[in-house]
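What follows is a single structure, written as structure tokens, with notes after it.
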Amino acid sequence: MRKILSLGVTVATAVLCLAAPATAGPTRVPAPAAAVDLPDIFCGFAIHAEFPKNNEYSLIYSDAGGTITHTRTTGALAVTLTNASNGHTHTFNISGPGDLVPNADGSTTLTATGNWIFFFAPGQLGVGSPGAMVTFTGRTVLWTAANGFDQEIRSHTGTMSDVCAMLA
């Protein structure tokens with residue numbers, strides 16, 4: 001569970017990238033998100049996530065050799081998060097879109113625009129960093145190391161809100 005990088009397209013896109021066939025143009029694939037129970041490592045309490053609007057898809061671009069060059073995920077996606085301890089709930093539009101680019105060293109760079117929620121496990125944003133769940137609007141660039149865990153917010157413009165505080 002420590003490898004949950006973000007809710008929605010980041011995980012779905014990474015999985016879809018591995019299964020994408022080589023084509024001359026982009027391959028369009030659905031990017032469904034299923035209900036999930038998240039552990040207390042992000043906010044200090046467990047969270048249940050459901051997706052009342054779930055119409056996202058990914059466009060997977062490959063070069064002539066079949067190597068994935070980038071993935072664009074877009075479409076309508078909303079998530080309803082519920083604090084399992086007190087029942088507080090909030091629904092968020094997290095439709096993005098976003099572009100995930102694999103880097104030569106095995107890391108990835110996600111350029112997220114629009115509305116997103118990211119979940120970070122303790123230590124994921126650096127040694128000693130706490131768990132967090134944050135909404136981002138605007139433009140955010142998130143780098144993920146080749147190990148799939150270590151992350152760095154490289155840039156952000158727009159607003160950022162603490163989802164844990166909203167659900168507490």
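Here, A, B, ... name the chains of the structure tokens in the order displayed, residue numbers run from 1 inside each chain, and ligands are numbered from 1 in the same displayed order.
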
Just want the 12 Å neighbourhood of Ser85 in chain A, counted on only C-alpha atoms, with same-chain residues fewer than 5 positions away dropped. Output as JSON, numbers by chain. {"A": [39, 40, 43, 44, 45, 46, 47, 48, 167, 168]}

Any chance you could list, as a PyMOL selection string, the residues in range 7-151 of chain A that come up alpha helix (DSSP H) when DSSP is run on the backbone? chain A and resi 9-19

What's the separation between CA of Leu142 in chain A and CA of Gly126 in chain A, in Å to one decimal place? 13.3 Å

Per-residue DSSP, chain A, filtered to strand (DSSP E or B), as a PyMOL selection string: chain A and resi 27-30+36-38+47-62+68-83+89-93+96-102+108-120+132-144+151-157+160-162

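Each of A:Leu77, A:Cys164, A:Thr91, A:Ile60 was checked against Pro130 in chain A using only C-alpha atoms; the smallest atom-to-atom distance is that of A:Cys164.
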
Between A:Gly128, A:Gly138, A:Gly123, A:Pro97, single out the one closest to Asp150 in chain A, counting only C-alpha atoms. A:Gly123

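Straight-line separation from CA of Ala31 in chain A to CA of Thr135 in chain A: 19.9 Å.
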
At a cut-off of 6 Å, using only C-alpha atoms, what residues contact range 103-112 of chain A? Leave out same-chain residues fewer than 6 positions from it and give the result as a compact mmCIF listing (two decimals) with N, CA, C and O atoms, in the first residue's frame.
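So the final result, stored in out-v1.txt, reads:
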```txt
# COMPACT_ATOMS: atom_id res chain seq x y z
N ARG A 139 -1.63 24.02 -12.11
CA ARG A 139 -0.63 23.18 -12.78
C ARG A 139 0.37 22.69 -11.75
O ARG A 139 0.97 23.49 -11.03
N THR A 140 0.54 21.38 -11.69
CA THR A 140 1.47 20.76 -10.76
C THR A 140 2.35 19.79 -11.53
O THR A 140 1.86 19.02 -12.35
N VAL A 141 3.65 19.84 -11.26
CA VAL A 141 4.58 18.88 -11.86
C VAL A 141 5.10 18.00 -10.73
O VAL A 141 5.70 18.48 -9.77
N LEU A 142 4.81 16.69 -10.85
CA LEU A 142 5.18 15.71 -9.82
C LEU A 142 6.14 14.70 -10.43
O LEU A 142 5.81 14.02 -11.42
N TRP A 143 7.31 14.60 -9.84
CA TRP A 143 8.33 13.64 -10.28
C TRP A 143 8.26 12.43 -9.36
O TRP A 143 8.13 12.58 -8.14
N THR A 144 8.33 11.24 -9.94
CA THR A 144 8.36 10.00 -9.16
C THR A 144 9.61 9.22 -9.54
O THR A 144 9.86 8.99 -10.73
N ALA A 145 10.37 8.82 -8.54
CA ALA A 145 11.62 8.08 -8.77
C ALA A 145 11.33 6.72 -9.39
O ALA A 145 10.21 6.20 -9.32
N ALA A 146 12.36 6.12 -9.95
CA ALA A 146 12.25 4.81 -10.58
C ALA A 146 11.79 3.75 -9.58
O ALA A 146 11.20 2.74 -9.97
```
